[in-house]
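Enquirer: Just one file: input-v8.pdb, with PDB, C-alpha atoms, pLDDT in the B column.
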```pdb
ATOM      1  CA  MET A   1       0.000   0.000   0.000  1.00 47.00           C
ATOM      2  CA  ALA A   2       1.332   3.436  -0.769  1.00 45.00           C
ATOM      3  CA  GLY A   3       0.378   7.035  -1.268  1.00 47.00           C
ATOM      4  CA  HIS A   4       1.155  10.594  -0.345  1.00 52.00           C
ATOM      5  CA  SER A   5       2.331  11.369   3.171  1.00 57.00           C
ATOM      6  CA  HIS A   6      -0.783  13.064   4.546  1.00 58.00           C
ATOM      7  CA  ALA A   7       0.895  14.219   7.740  1.00 54.00           C
ATOM      8  CA  ALA A   8       3.770  15.793   5.837  1.00 52.00           C
ATOM      9  CA  ASN A   9       1.436  17.723   3.539  1.00 54.00           C
ATOM     10  CA  VAL A  10      -0.888  18.890   6.327  1.00 53.00           C
ATOM     11  CA  ALA A  11       1.793  19.902   8.789  1.00 50.00           C
ATOM     12  CA  ILE A  12       3.820  22.114   6.454  1.00 47.00           C
ATOM     13  CA  ARG A  13       6.110  24.427   8.394  1.00 48.00           C
ATOM     14  CA  LYS A  14       4.882  23.089  11.697  1.00 49.00           C
ATOM     15  CA  GLY A  15       8.211  23.861  13.326  1.00 48.00           C
ATOM     16  CA  ALA A  16       7.926  27.549  12.523  1.00 49.00           C
ATOM     17  CA  GLN A  17       4.360  27.658  13.794  1.00 49.00           C
ATOM     18  CA  ASP A  18       5.278  25.977  17.066  1.00 49.00           C
ATOM     19  CA  LYS A  19       7.690  28.779  17.908  1.00 51.00           C
ATOM     20  CA  LYS A  20       4.712  31.033  18.542  1.00 70.00           C
ATOM     21  CA  ARG A  21       4.219  29.513  21.966  1.00 76.00           C
ATOM     22  CA  GLY A  22       1.552  31.830  23.327  1.00 81.00           C
ATOM     23  CA  LYS A  23      -0.709  31.482  20.314  1.00 84.00           C
ATOM     24  CA  LEU A  24      -0.118  27.740  20.161  1.00 86.00           C
ATOM     25  CA  PHE A  25      -1.011  27.270  23.825  1.00 90.00           C
ATOM     26  CA  SER A  26      -4.194  29.293  23.327  1.00 89.00           C
ATOM     27  CA  LYS A  27      -5.297  26.990  20.516  1.00 89.00           C
ATOM     28  CA  LEU A  28      -4.459  23.878  22.509  1.00 91.00           C
ATOM     29  CA  ALA A  29      -6.381  25.205  25.519  1.00 91.00           C
ATOM     30  CA  LYS A  30      -9.463  25.897  23.378  1.00 90.00           C
ATOM     31  CA  GLU A  31      -9.456  22.319  22.129  1.00 90.00           C
ATOM     32  CA  ILE A  32      -9.232  20.970  25.688  1.00 92.00           C
ATOM     33  CA  ILE A  33     -12.092  23.232  26.814  1.00 90.00           C
ATOM     34  CA  VAL A  34     -14.403  22.225  23.959  1.00 88.00           C
ATOM     35  CA  SER A  35     -13.494  18.537  24.211  1.00 88.00           C
ATOM     36  CA  ALA A  36     -14.235  18.480  27.941  1.00 90.00           C
ATOM     37  CA  LYS A  37     -17.462  20.428  27.511  1.00 87.00           C
ATOM     38  CA  MET A  38     -18.757  18.066  24.814  1.00 84.00           C
ATOM     39  CA  GLY A  39     -17.635  14.733  26.229  1.00 86.00           C
ATOM     40  CA  GLY A  40     -16.926  15.278  29.917  1.00 89.00           C
ATOM     41  CA  GLY A  41     -13.680  15.348  31.855  1.00 91.00           C
ATOM     42  CA  ASP A  42     -13.031  11.600  32.071  1.00 89.00           C
ATOM     43  CA  LEU A  43     -10.049  10.811  29.852  1.00 87.00           C
ATOM     44  CA  ASP A  44     -10.930   7.116  29.631  1.00 82.00           C
ATOM     45  CA  SER A  45     -14.351   7.811  28.116  1.00 81.00           C
ATOM     46  CA  ASN A  46     -13.465  10.930  26.113  1.00 84.00           C
ATOM     47  CA  PRO A  47     -10.870  10.131  23.419  1.00 79.00           C
ATOM     48  CA  ARG A  48     -11.040  13.630  21.929  1.00 82.00           C
ATOM     49  CA  LEU A  49     -10.097  15.124  25.294  1.00 88.00           C
ATOM     50  CA  ARG A  50      -7.346  12.575  25.825  1.00 87.00           C
ATOM     51  CA  LEU A  51      -5.878  13.423  22.424  1.00 83.00           C
ATOM     52  CA  ALA A  52      -6.123  17.163  23.135  1.00 88.00           C
ATOM     53  CA  ILE A  53      -4.227  16.768  26.394  1.00 92.00           C
ATOM     54  CA  GLN A  54      -1.626  14.530  24.760  1.00 86.00           C
ATOM     55  CA  LYS A  55      -1.019  17.237  22.156  1.00 87.00           C
ATOM     56  CA  ALA A  56      -0.708  19.889  24.847  1.00 90.00           C
ATOM     57  CA  LYS A  57       1.811  17.819  26.791  1.00 90.00           C
ATOM     58  CA  SER A  58       3.811  17.081  23.633  1.00 84.00           C
ATOM     59  CA  GLN A  59       4.210  20.843  23.176  1.00 86.00           C
ATOM     60  CA  SER A  60       5.378  21.289  26.788  1.00 89.00           C
ATOM     61  CA  MET A  61       2.240  23.157  27.792  1.00 91.00           C
ATOM     62  CA  PRO A  62       2.410  23.765  31.587  1.00 92.00           C
ATOM     63  CA  LYS A  63       0.387  21.362  33.741  1.00 94.00           C
ATOM     64  CA  ASP A  64      -1.482  24.177  35.485  1.00 94.00           C
ATOM     65  CA  THR A  65      -2.506  25.641  32.115  1.00 93.00           C
ATOM     66  CA  ILE A  66      -3.821  22.255  30.998  1.00 93.00           C
ATOM     67  CA  GLN A  67      -5.716  21.806  34.263  1.00 94.00           C
ATOM     68  CA  ARG A  68      -7.213  25.305  34.036  1.00 92.00           C
ATOM     69  CA  ALA A  69      -8.497  24.580  30.527  1.00 92.00           C
ATOM     70  CA  LEU A  70      -9.898  21.252  31.715  1.00 93.00           C
ATOM     71  CA  ASP A  71     -11.661  22.944  34.635  1.00 92.00           C
ATOM     72  CA  ARG A  72     -13.192  25.507  32.299  1.00 89.00           C
ATOM     73  CA  GLY A  73     -14.449  22.783  30.005  1.00 89.00           C
ATOM     74  CA  THR A  74     -16.040  20.811  32.824  1.00 90.00           C
ATOM     75  CA  GLY A  75     -17.564  23.940  34.369  1.00 84.00           C
ATOM     76  CA  ASN A  76     -15.481  23.885  37.546  1.00 82.00           C
ATOM     77  CA  ILE A  77     -14.467  27.456  36.786  1.00 79.00           C
ATOM     78  CA  GLU A  78     -16.153  29.989  34.544  1.00 80.00           C
ATOM     79  CA  GLY A  79     -14.826  30.682  31.100  1.00 72.00           C
ATOM     80  CA  LEU A  80     -15.732  31.672  27.578  1.00 74.00           C
ATOM     81  CA  THR A  81     -18.072  29.580  25.455  1.00 82.00           C
ATOM     82  CA  TYR A  82     -16.519  28.464  22.175  1.00 84.00           C
ATOM     83  CA  GLU A  83     -18.308  27.611  18.944  1.00 87.00           C
ATOM     84  CA  GLU A  84     -16.973  25.192  16.346  1.00 88.00           C
ATOM     85  CA  LEU A  85     -17.263  26.037  12.671  1.00 92.00           C
ATOM     86  CA  SER A  86     -15.390  25.630   9.414  1.00 93.00           C
ATOM     87  CA  MET A  87     -14.583  28.289   6.845  1.00 95.00           C
ATOM     88  CA  GLU A  88     -13.602  27.200   3.396  1.00 96.00           C
ATOM     89  CA  GLY A  89     -12.573  28.541   0.056  1.00 97.00           C
ATOM     90  CA  TYR A  90      -9.912  28.509  -2.609  1.00 97.00           C
ATOM     91  CA  GLY A  91      -6.281  29.525  -2.554  1.00 96.00           C
ATOM     92  CA  PRO A  92      -3.846  30.315  -5.370  1.00 95.00           C
ATOM     93  CA  SER A  93      -3.829  27.793  -8.251  1.00 94.00           C
ATOM     94  CA  GLY A  94      -7.343  26.690  -7.304  1.00 95.00           C
ATOM     95  CA  VAL A  95      -6.172  24.818  -4.211  1.00 97.00           C
ATOM     96  CA  ALA A  96      -9.018  23.956  -1.810  1.00 97.00           C
ATOM     97  CA  VAL A  97      -8.376  25.333   1.675  1.00 97.00           C
ATOM     98  CA  MET A  98     -10.432  24.697   4.822  1.00 96.00           C
ATOM     99  CA  ALA A  99      -9.963  26.270   8.252  1.00 95.00           C
ATOM    100  CA  GLU A 100     -11.299  24.574  11.380  1.00 93.00           C
ATOM    101  CA  VAL A 101     -12.319  27.277  13.834  1.00 93.00           C
ATOM    102  CA  LEU A 102     -12.991  27.503  17.574  1.00 89.00           C
ATOM    103  CA  THR A 103     -14.198  30.952  18.531  1.00 91.00           C
ATOM    104  CA  ASP A 104     -16.100  32.877  21.170  1.00 89.00           C
ATOM    105  CA  ASN A 105     -17.030  35.499  18.569  1.00 93.00           C
ATOM    106  CA  ARG A 106     -18.214  34.289  15.165  1.00 93.00           C
ATOM    107  CA  ASN A 107     -18.199  37.750  13.562  1.00 95.00           C
ATOM    108  CA  ARG A 108     -14.647  38.506  14.688  1.00 94.00           C
ATOM    109  CA  ALA A 109     -13.409  35.133  13.440  1.00 94.00           C
ATOM    110  CA  ALA A 110     -15.144  35.513  10.075  1.00 95.00           C
ATOM    111  CA  SER A 111     -13.678  38.973   9.569  1.00 96.00           C
ATOM    112  CA  GLU A 112     -10.138  37.894  10.456  1.00 96.00           C
ATOM    113  CA  ILE A 113     -10.261  34.758   8.327  1.00 96.00           C
ATOM    114  CA  ARG A 114     -11.798  36.583   5.357  1.00 96.00           C
ATOM    115  CA  HIS A 115      -8.946  39.098   5.566  1.00 97.00           C
ATOM    116  CA  ALA A 116      -6.394  36.256   5.616  1.00 97.00           C
ATOM    117  CA  TYR A 117      -7.894  34.735   2.472  1.00 97.00           C
ATOM    118  CA  GLN A 118      -7.823  38.111   0.712  1.00 96.00           C
ATOM    119  CA  LYS A 119      -4.276  38.892   1.806  1.00 97.00           C
ATOM    120  CA  GLY A 120      -3.159  35.438   0.681  1.00 96.00           C
ATOM    121  CA  ASN A 121      -4.696  35.838  -2.800  1.00 96.00           C
ATOM    122  CA  GLY A 122      -7.450  33.373  -2.024  1.00 96.00           C
ATOM    123  CA  ASN A 123     -11.226  33.534  -1.948  1.00 95.00           C
ATOM    124  CA  LEU A 124     -13.431  32.658   1.008  1.00 95.00           C
ATOM    125  CA  GLY A 125     -16.362  30.639  -0.303  1.00 94.00           C
ATOM    126  CA  ALA A 126     -19.769  29.502   0.852  1.00 94.00           C
ATOM    127  CA  GLN A 127     -20.231  26.669   3.309  1.00 91.00           C
ATOM    128  CA  GLY A 128     -19.701  23.374   1.496  1.00 94.00           C
ATOM    129  CA  CYS A 129     -17.853  24.783  -1.505  1.00 96.00           C
ATOM    130  CA  VAL A 130     -14.798  22.541  -0.964  1.00 96.00           C
ATOM    131  CA  SER A 131     -15.636  20.349   2.042  1.00 95.00           C
ATOM    132  CA  TYR A 132     -17.012  17.647  -0.280  1.00 95.00           C
ATOM    133  CA  LEU A 133     -13.451  17.148  -1.520  1.00 96.00           C
ATOM    134  CA  PHE A 134     -12.285  15.952   1.903  1.00 96.00           C
ATOM    135  CA  ASN A 135     -12.900  12.942   4.120  1.00 95.00           C
ATOM    136  CA  LYS A 136     -12.134  12.787   7.831  1.00 93.00           C
ATOM    137  CA  ARG A 137      -9.568  10.113   8.645  1.00 94.00           C
ATOM    138  CA  GLY A 138      -7.510   9.091  11.625  1.00 93.00           C
ATOM    139  CA  VAL A 139      -3.797   9.534  10.889  1.00 93.00           C
ATOM    140  CA  VAL A 140      -1.294   7.817  13.178  1.00 93.00           C
ATOM    141  CA  PHE A 141       2.461   7.967  12.697  1.00 93.00           C
ATOM    142  CA  VAL A 142       4.596   5.241  14.272  1.00 95.00           C
ATOM    143  CA  ASN A 143       8.344   5.570  14.771  1.00 93.00           C
ATOM    144  CA  SER A 144       9.245   2.157  13.428  1.00 94.00           C
ATOM    145  CA  THR A 145      10.190   0.543  10.140  1.00 90.00           C
ATOM    146  CA  ASP A 146       8.955  -2.878  11.261  1.00 95.00           C
ATOM    147  CA  GLU A 147       6.303  -3.031   8.554  1.00 95.00           C
ATOM    148  CA  ASP A 148       4.976  -6.481   9.402  1.00 95.00           C
ATOM    149  CA  GLY A 149       4.737  -5.845  13.137  1.00 96.00           C
ATOM    150  CA  VAL A 150       3.179  -2.385  13.025  1.00 96.00           C
ATOM    151  CA  VAL A 151       0.756  -3.170  10.220  1.00 96.00           C
ATOM    152  CA  MET A 152      -0.448  -6.370  11.870  1.00 96.00           C
ATOM    153  CA  VAL A 153      -1.307  -4.501  15.086  1.00 97.00           C
ATOM    154  CA  ALA A 154      -2.940  -1.630  13.195  1.00 97.00           C
ATOM    155  CA  LEU A 155      -5.010  -3.744  10.804  1.00 96.00           C
ATOM    156  CA  GLU A 156      -6.262  -6.008  13.583  1.00 96.00           C
ATOM    157  CA  ALA A 157      -7.425  -2.886  15.429  1.00 96.00           C
ATOM    158  CA  GLY A 158      -9.350  -1.615  12.383  1.00 96.00           C
ATOM    159  CA  ALA A 159      -6.875   0.410  10.305  1.00 97.00           C
ATOM    160  CA  GLU A 160      -7.637   0.788   6.593  1.00 95.00           C
ATOM    161  CA  ASP A 161      -4.331   1.638   4.943  1.00 95.00           C
ATOM    162  CA  TYR A 162      -0.714   2.549   5.597  1.00 95.00           C
ATOM    163  CA  THR A 163       2.249   4.259   3.970  1.00 94.00           C
ATOM    164  CA  MET A 164       5.911   3.436   4.536  1.00 94.00           C
ATOM    165  CA  GLU A 165       8.040   6.525   5.144  1.00 89.00           C
ATOM    166  CA  ASP A 166      11.797   6.881   5.586  1.00 84.00           C
ATOM    167  CA  ASN A 167      11.542   7.205   9.359  1.00 88.00           C
ATOM    168  CA  GLY A 168       8.350   5.340  10.179  1.00 94.00           C
ATOM    169  CA  ILE A 169       4.910   4.190   9.132  1.00 96.00           C
ATOM    170  CA  GLU A 170       1.794   6.298   8.632  1.00 96.00           C
ATOM    171  CA  ILE A 171      -1.467   4.539   9.450  1.00 96.00           C
ATOM    172  CA  LEU A 172      -4.898   5.582   8.123  1.00 96.00           C
ATOM    173  CA  CYS A 173      -8.216   4.608   9.676  1.00 96.00           C
ATOM    174  CA  SER A 174     -11.812   5.750   9.931  1.00 96.00           C
ATOM    175  CA  PRO A 175     -12.792   8.201  12.701  1.00 92.00           C
ATOM    176  CA  GLU A 176     -14.821   5.417  14.314  1.00 92.00           C
ATOM    177  CA  GLU A 177     -11.805   3.103  14.531  1.00 93.00           C
ATOM    178  CA  PHE A 178      -9.307   5.848  15.443  1.00 91.00           C
ATOM    179  CA  GLU A 179      -9.408   5.381  19.198  1.00 85.00           C
ATOM    180  CA  GLY A 180      -9.036   1.604  18.951  1.00 90.00           C
ATOM    181  CA  VAL A 181      -6.105   1.851  16.536  1.00 93.00           C
ATOM    182  CA  VAL A 182      -4.274   4.396  18.688  1.00 89.00           C
ATOM    183  CA  THR A 183      -4.854   2.379  21.854  1.00 88.00           C
ATOM    184  CA  ALA A 184      -3.655  -0.854  20.239  1.00 93.00           C
ATOM    185  CA  LEU A 185      -0.471   0.788  18.955  1.00 93.00           C
ATOM    186  CA  GLU A 186       0.186   2.525  22.281  1.00 87.00           C
ATOM    187  CA  GLU A 187      -0.106  -0.823  24.054  1.00 90.00           C
ATOM    188  CA  SER A 188       2.260  -2.460  21.551  1.00 94.00           C
ATOM    189  CA  PRO A 189       6.076  -2.222  21.673  1.00 94.00           C
ATOM    190  CA  PHE A 190       5.967   0.471  18.980  1.00 94.00           C
ATOM    191  CA  GLU A 191       6.209   4.230  19.599  1.00 90.00           C
ATOM    192  CA  VAL A 192       3.294   6.397  18.475  1.00 88.00           C
ATOM    193  CA  ALA A 193       4.857   9.701  17.400  1.00 86.00           C
ATOM    194  CA  SER A 194       1.587  11.479  16.558  1.00 84.00           C
ATOM    195  CA  ALA A 195      -2.127  10.781  16.203  1.00 85.00           C
ATOM    196  CA  ASP A 196      -4.798  13.091  14.888  1.00 85.00           C
ATOM    197  CA  LEU A 197      -8.094  13.299  13.050  1.00 86.00           C
ATOM    198  CA  LEU A 198      -7.472  15.109   9.777  1.00 90.00           C
ATOM    199  CA  LEU A 199      -9.418  16.006   6.661  1.00 93.00           C
ATOM    200  CA  ILE A 200      -7.787  14.104   3.816  1.00 93.00           C
ATOM    201  CA  PRO A 201      -8.481  15.237   0.225  1.00 94.00           C
ATOM    202  CA  ASP A 202      -9.740  12.784  -2.380  1.00 92.00           C
ATOM    203  CA  THR A 203      -7.470  14.360  -4.997  1.00 92.00           C
ATOM    204  CA  ARG A 204      -4.573  16.788  -4.820  1.00 94.00           C
ATOM    205  CA  VAL A 205      -3.493  19.804  -6.839  1.00 94.00           C
ATOM    206  CA  SER A 206       0.210  19.806  -7.675  1.00 94.00           C
ATOM    207  CA  VAL A 207       1.831  23.201  -7.031  1.00 95.00           C
ATOM    208  CA  ARG A 208       5.429  24.158  -7.736  1.00 93.00           C
ATOM    209  CA  GLY A 209       7.688  27.170  -7.487  1.00 92.00           C
ATOM    210  CA  LYS A 210       5.940  30.516  -7.068  1.00 93.00           C
ATOM    211  CA  ASP A 211       2.541  28.842  -6.939  1.00 94.00           C
ATOM    212  CA  ALA A 212       3.679  26.672  -4.029  1.00 94.00           C
ATOM    213  CA  ALA A 213       5.066  29.700  -2.207  1.00 94.00           C
ATOM    214  CA  ALA A 214       1.746  31.520  -2.663  1.00 95.00           C
ATOM    215  CA  VAL A 215      -0.250  28.608  -1.257  1.00 95.00           C
ATOM    216  CA  LEU A 216       2.096  28.272   1.704  1.00 94.00           C
ATOM    217  CA  ARG A 217       1.692  31.974   2.433  1.00 96.00           C
ATOM    218  CA  LEU A 218      -2.083  31.614   2.600  1.00 97.00           C
ATOM    219  CA  ILE A 219      -1.751  28.604   4.918  1.00 95.00           C
ATOM    220  CA  ASP A 220       0.579  30.596   7.174  1.00 94.00           C
ATOM    221  CA  LEU A 221      -1.810  33.564   7.232  1.00 96.00           C
ATOM    222  CA  LEU A 222      -4.693  31.337   8.263  1.00 96.00           C
ATOM    223  CA  ASP A 223      -2.554  29.566  10.869  1.00 91.00           C
ATOM    224  CA  ASP A 224      -1.797  32.976  12.364  1.00 91.00           C
ATOM    225  CA  CYS A 225      -5.494  33.656  12.998  1.00 93.00           C
ATOM    226  CA  ASP A 226      -6.179  33.243  16.709  1.00 88.00           C
ATOM    227  CA  ASP A 227      -9.418  31.302  16.173  1.00 91.00           C
ATOM    228  CA  VAL A 228      -8.081  28.845  13.571  1.00 93.00           C
ATOM    229  CA  GLN A 229      -7.229  25.438  15.017  1.00 89.00           C
ATOM    230  CA  LYS A 230      -6.231  23.558  11.856  1.00 90.00           C
ATOM    231  CA  VAL A 231      -5.839  24.326   8.172  1.00 94.00           C
ATOM    232  CA  HIS A 232      -6.569  21.588   5.621  1.00 94.00           C
ATOM    233  CA  HIS A 233      -5.770  21.780   1.917  1.00 96.00           C
ATOM    234  CA  ASN A 234      -5.438  19.605  -1.164  1.00 96.00           C
ATOM    235  CA  ALA A 235      -2.127  21.014  -2.378  1.00 95.00           C
ATOM    236  CA  GLU A 236       0.664  18.595  -3.198  1.00 93.00           C
ATOM    237  CA  PHE A 237       4.123  20.084  -2.746  1.00 90.00           C
ATOM    238  CA  ASP A 238       7.453  18.875  -4.010  1.00 83.00           C
ATOM    239  CA  GLU A 239       9.178  18.359  -0.672  1.00 74.00           C
ATOM    240  CA  THR A 240      12.608  18.941  -2.216  1.00 73.00           C
ATOM    241  CA  GLU A 241      11.458  22.467  -3.122  1.00 68.00           C
ATOM    242  CA  LEU A 242      10.083  23.385   0.301  1.00 66.00           C
ATOM    243  CA  GLU A 243      13.451  24.144   1.846  1.00 66.00           C
ATOM    244  CA  ASN A 244      14.058  26.823  -0.781  1.00 66.00           C
ATOM    245  CA  LEU A 245      10.651  28.492  -0.541  1.00 61.00           C
TER
END
```
Once you've parsed the file, please lay out its structure as structure tokens.

Expert:
Amino acid sequence: MAGHSHAANVAIRKGAQDKKRGKLFSKLAKEIIVSAKMGGGDLDSNPRLRLAIQKAKSQSMPKDTIQRALDRGTGNIEGLTYEELSMEGYGPSGVAVMAEVLTDNRNRAASEIRHAYQKGNGNLGAQGCVSYLFNKRGVVFVNSTDEDGVVMVALEAGAEDYTMEDNGIEILCSPEEFEGVVTALEESPFEVASADLLLIPDTRVSVRGKDAAAVLRLIDLLDDCDDVQKVHHNAEFDETELENL
């Protein structure tokens, strides 16, 4: 089985983004708050919350900050109420771009995200204009090249597909099987490097050179919006070019 590295294409320039610690922690805290509010504060019965806290810990978010977000989500302390929505449109070269949003002010978020699209030479579209191009999938990356061992554990737990990478194996599964696949791999001898629910495009648009730089700029502009949690796109980059862009 083979295909494009979904994690690599989604997490473009993640290192640069992670340097913005304050903004990153704010986004992580929002996800913890919403996850706890929707599914309760029990990590064993709320996989979304468990994943949110795992992400926060992986980014060295302070324990008291995590606990404060958890308390706000469970109602132990008062806090803002966040709304989930998606804003979608097109970027340069006709690339489909979707922003997942958590906000306490829909109008403010819409204005900021619309401005980012305009500044990045994109166009914010109507709800549903590009979402049909994407499917939600669980994406798990394992730090191992033991193809037989990792794949056997993943497939038995409900995984659908996998891709061999230079430094590990990327596992794909349905959202319904995501929790079981992650748990099975975590309980195995293999190291789970990352696990997330992502919107994976059915087809990709190849972008090169100046077009690739323009798309990356729009992604960065959207990432910089305080209310944007994730940015999904169907661009396919030449990874050898990225270092020079």

Enquirer: Could you list the residues chosen by the PyMOL selection byres ((chain A and resi 153) around 12) in this structure as a list of chain:residue names?

Expert: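 In the shown coordinates, the PyMOL selection byres ((chain A and resi 153) around 12) covers A:Val142, A:Asp146, A:Glu147, A:Asp148, A:Gly149, A:Val150, A:Val151, A:Met152, A:Ala154, A:Leu155, A:Glu156, A:Ala157, A:Gly158, A:Ala159, A:Glu160, A:Tyr162, A:Ile171, A:Gly180, A:Val181, A:Val182, A:Thr183, A:Ala184, A:Leu185, A:Glu186, A:Glu187, A:Ser188, A:Pro189, A:Phe190.
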
Enquirer: List the residues matched by the PyMOL selection byres ((chain A and resi 60) around 12) in the displayed structure as a JSON list (two decimals) with C-alpha atoms, in the coordinates of the input, ordered by chain and then by residue number.

Expert:
```json
[["chain", "number", "residue", "atom", "x", "y", "z"],
["A", 18, "ASP", "CA", 5.28, 25.98, 17.07],
["A", 19, "LYS", "CA", 7.69, 28.78, 17.91],
["A", 21, "ARG", "CA", 4.22, 29.51, 21.97],
["A", 22, "GLY", "CA", 1.55, 31.83, 23.33],
["A", 24, "LEU", "CA", -0.12, 27.74, 20.16],
["A", 25, "PHE", "CA", -1.01, 27.27, 23.82],
["A", 28, "LEU", "CA", -4.46, 23.88, 22.51],
["A", 53, "ILE", "CA", -4.23, 16.77, 26.39],
["A", 54, "GLN", "CA", -1.63, 14.53, 24.76],
["A", 55, "LYS", "CA", -1.02, 17.24, 22.16],
["A", 56, "ALA", "CA", -0.71, 19.89, 24.85],
["A", 57, "LYS", "CA", 1.81, 17.82, 26.79],
["A", 58, "SER", "CA", 3.81, 17.08, 23.63],
["A", 59, "GLN", "CA", 4.21, 20.84, 23.18],
["A", 61, "MET", "CA", 2.24, 23.16, 27.79],
["A", 62, "PRO", "CA", 2.41, 23.76, 31.59],
["A", 63, "LYS", "CA", 0.39, 21.36, 33.74],
["A", 64, "ASP", "CA", -1.48, 24.18, 35.48],
["A", 65, "THR", "CA", -2.51, 25.64, 32.12],
["A", 66, "ILE", "CA", -3.82, 22.26, 31.00]]
```

Enquirer: Check what the PyMOL selection byres ((chain A and resi 143) around 7) selects in the file above and give those residues as a ChimeraX atom specification.

Expert: /A:141-142,144,167-169,191-193

Enquirer: Can I get the residues of segment 65-149 of chain A within 9 Å of segment 197-208 of chain A, each with the closest pair of atoms and their distance in Å to one decimal, using all atoms listed in the file, sorted chain first then ascending number, as a tab-separated table?

Expert:
```
residue	atom	partner	partner_atom	distance
A:Ser93	CA	A:Val207	CA	7.4
A:Gly94	CA	A:Val205	CA	7.9
A:Val95	CA	A:Val205	CA	6.3
A:Ala96	CA	A:Val205	CA	8.5
A:Met98	CA	A:Leu199	CA	8.9
A:Ser131	CA	A:Leu199	CA	8.9
A:Tyr132	CA	A:Pro201	CA	8.9
A:Leu133	CA	A:Pro201	CA	5.6
A:Phe134	CA	A:Pro201	CA	4.2
A:Asn135	CA	A:Ile200	CA	5.3
A:Lys136	CA	A:Leu199	CA	4.4
A:Arg137	CA	A:Leu198	CA	5.5
A:Gly138	CA	A:Leu197	CA	4.5
A:Val139	CA	A:Leu197	CA	6.1
A:Val140	CA	A:Leu197	CA	8.7
```

Enquirer: Draw an axis-aligned box tight on the listed atoms of segment 217-236 of chain A, then pad every side by 5 Å and write out centre and edge lengths in Å to one decimal as lines of an AutoDock Vina configuration file.

Expert:
```
center_x = -3.9
center_y = 26.1
center_z = 6.8
size_x = 21.1
size_y = 25.1
size_z = 29.9
```

Enquirer: Which protein, DNA or RNA residues are at most 8 Å from (-2.7, 29.9, -2.0) in the file's coordinates when you count all atoms listed in the file, listed as a VMD selection string?

Expert: chain A and resid 90 to 95 120 to 122 211 to 219

Enquirer: Using all atoms listed in the file for the distances, tell me which of A:Leu80, A:Ala116, A:Val130, A:Val228 is nearest to Leu102 of chain A.

Expert: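 Of all the options, A:Val228 lies closest to Leu102 of chain A.
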
Enquirer: For a quick check of understanding, using only C-alpha atoms, which of A:Ile32, A:Leu124, A:Val97, A:Ile113 has the smallest distance to Pro47 of chain A?

Expert: A:Ile32

Enquirer: Using all atoms listed in the file, which of the listed residues (A:Leu70, A:Cys129, A:Leu49, A:Ile33) sits closest to Glu88 of chain A?

Expert: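 Selected residue with least distance to Glu88 of chain A: A:Cys129.
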
Enquirer: Record the distance separating atom CA of Ser45 of chain A and atom CA of Ile77 of chain A, expressed in Å with one decimal.

Expert: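 Value for the atom CA of Ser45 of chain A-atom CA of Ile77 of chain A distance: 21.5 Å.
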
Enquirer: Check the smallest atom-to-atom distance from each of A:Gly39, A:Gly89, A:Asp227, A:Phe237 to Lys210 of chain A using all atoms listed in the file, then report the winner.

Expert: A:Phe237

Enquirer: Near Cys225 of chain A, within 12 Å and counting all atoms listed in the file, which residues show up once chain neighbours fewer than 5 positions away are dropped, as a list in words?

Expert: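 Here the qualifying residues turn out to be Gln17, Lys20, Lys23, Leu24, Ser26, Lys27, Ala99, Glu100, Val101, Leu102, Thr103, Arg108, Ala109, Ala110, Ser111, Glu112, Ile113, Arg114, His115, Ala116, Tyr117, Leu218, Ile219, Asp220, Lys230 and Val231 of chain A.
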
Enquirer: Determine the nearest neighbour of Arg72 of chain A from the options A:Asp44, A:Glu31, A:Asp224, A:Asp238, counting all atoms listed in the file.

Expert: A:Glu31

Enquirer: As an exercise, work out the distance from atom CA of Asp226 of chain A to atom CA of Gly73 of chain A in Å and give it to one decimal place.

Expert: 18.8 Å

Enquirer: Taking only C-alpha atoms into account, which of A:Leu51, A:Val34, A:Cys173, A:Ala126 comes nearest Glu84 of chain A?

Expert: A:Val34

Enquirer: Rounded to one decimal in Å, what is the spacing between atom CA of Gln67 of chain A and atom CA of Ala29 of chain A?

Expert: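 So the answer is 9.4 Å.
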